[in-house]
Every structure is written in structure tokens, then in C-alpha cells.
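Just below is one structure, and these are the notes that go with it.
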Amino acid sequence: PKYPEMRRDLSLFCPIGTSYRDIQSVISSSDKKLLRRMSLFDVYQDDAKTAGKVSYSISLYFGLDDRTLADHEVDASIKTILVQWVQIR
């Protein structure tokens with residue numbers, strides 16, 4: 001790409017049984033304009049504090065073809081993703 005991507009890492013605590021595919025679906029539908037790709041880099045389970053939960057850590061890559069994104073644009077996209085996630089969970 002001509003313009004650099006911006007990366008944000010996001011960790012979501014989810015009920016056991018939530019699949020990464022479920023998370024991908026929510027994230028993809030929340031931001032179709034700026035989000036270019038995502039990748040899972042960690043799954044954590046088995047902690048007394050998070051009993052019945054699993055944590056998925058995901059790298060999100062944002063970008064546009066015609067210009068460099070500003071931090072506030074990516075921050076707004078992350079907020080939209082989180083609001084969408086909370087609404088369905």
C-alpha cells in the first residue's frame with residue numbers, strides 16, 4: 001500500500017464457547033471502510049479471575065488507499081467495534 005497501515009491490538013474476554021469466527025464476524029461488520037485485516041495472536045484461558053471466560057487477543061490493521069489515517073479515526077473505529085461487541089454479548 002502507498003499509505004501506511006495503523007495497527008491496534010485488542011483483547012476480548014468472552015464466554016467459553018465463543019469462537020474466533022464469531023469475533024471476526026462482529027469486527028468485520030462493525031467497520032467495512034477502514035479495517036483491512038485482522039489476525040489472532042493469543043488465546044488465554046484457565047485463570048481463577050476469568051473462570052468461564054476465554055481471552056482472544058487480536059491485531060487489527062486499518063488503512064485507506066488514498067491517505068494516511070489519523071489516530072482519532074482508528075480510535076472511533078475501535079469504539080464502534082467495542083460497542084457492537086457489547087450489544088451482542
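Residue numbers start at 1 in each chain; chains themselves are named A, B, ... in the order of the C-alpha cells; ligands are numbered from 1 in the order shown.
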Which polymer residues have any atom within 6 Å of an atom of segment 60-65 of chain A, counting only C-alpha atoms, with same-chain residues fewer than 2 positions away left out, as JSON, numbers by chain?
{"A": [5, 6, 7, 8, 34, 35, 36, 37, 38, 67]}
For Ser39 of chain A, list every protein, DNA or RNA residue within 12 Å, evaluated using only C-alpha atoms, and leave out those in the same chain fewer than 6 positions away; present the list as an MDAnalysis selection string.
chainID A and resid 7:11 20:21 23:24 27:28 56:61
Nearest to Ile81 of chain A among A:Asp22, A:Tyr3, A:Leu12, A:Ser30, with distances taken over only C-alpha atoms: which residue is it?
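Using only C-alpha atoms, Ile81 of chain A sits closest to A:Ser30.
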Identify which of the residues A:Pro1, A:Arg89, A:Lys32, A:Leu69 lies closest to Phe13 of chain A, counting only C-alpha atoms when measuring atom-to-atom distances.
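Nearest candidate to Phe13 of chain A out of A:Pro1, A:Arg89, A:Lys32, A:Leu69: A:Arg89.
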Extract the full set of strand (DSSP E) residues from chain A according to DSSP on the backbone, and format it as a PyMOL selection string.
chain A and resi 6-15+35-44+53-62
So, counting only C-alpha atoms, which residue among A:Gln84, A:Ser77, A:Thr18, A:Thr68 is closest to Pro4 of chain A?
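Counting only C-alpha atoms, the residue closest to Pro4 of chain A is A:Thr68.
The spacing separating atom CA of Pro15 of chain A from atom CA of Lys33 of chain A amounts to 28.5 Å.
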Interatomic distance (Å, one decimal) between atom CA of Asp42 of chain A and atom CA of Ala70 of chain A:
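Distance between the two atoms: 27.0 Å.
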Of A:Ala51, A:Leu82, A:Cys14, A:Ala76, the one nearest to Val26 of chain A when counting only C-alpha atoms is A:Leu82
Which of A:Asp31, A:Val43, A:Gly52, A:Ser19 sits closest to Val74 of chain A [using only C-alpha atoms]
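Checking each of A:Asp31, A:Val43, A:Gly52, A:Ser19 against Val74 of chain A, counting only C-alpha atoms, the winner is A:Asp31.
Note that atom CA of Val83 of chain A and atom CA of Asp66 of chain A are 27.4 Å apart.
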Could you find all residues in chain A that DSSP calls alpha helix (DSSP H) from the backbone, and write them as a VMD selection string?
chain A and resid 20 to 30 71 to 88
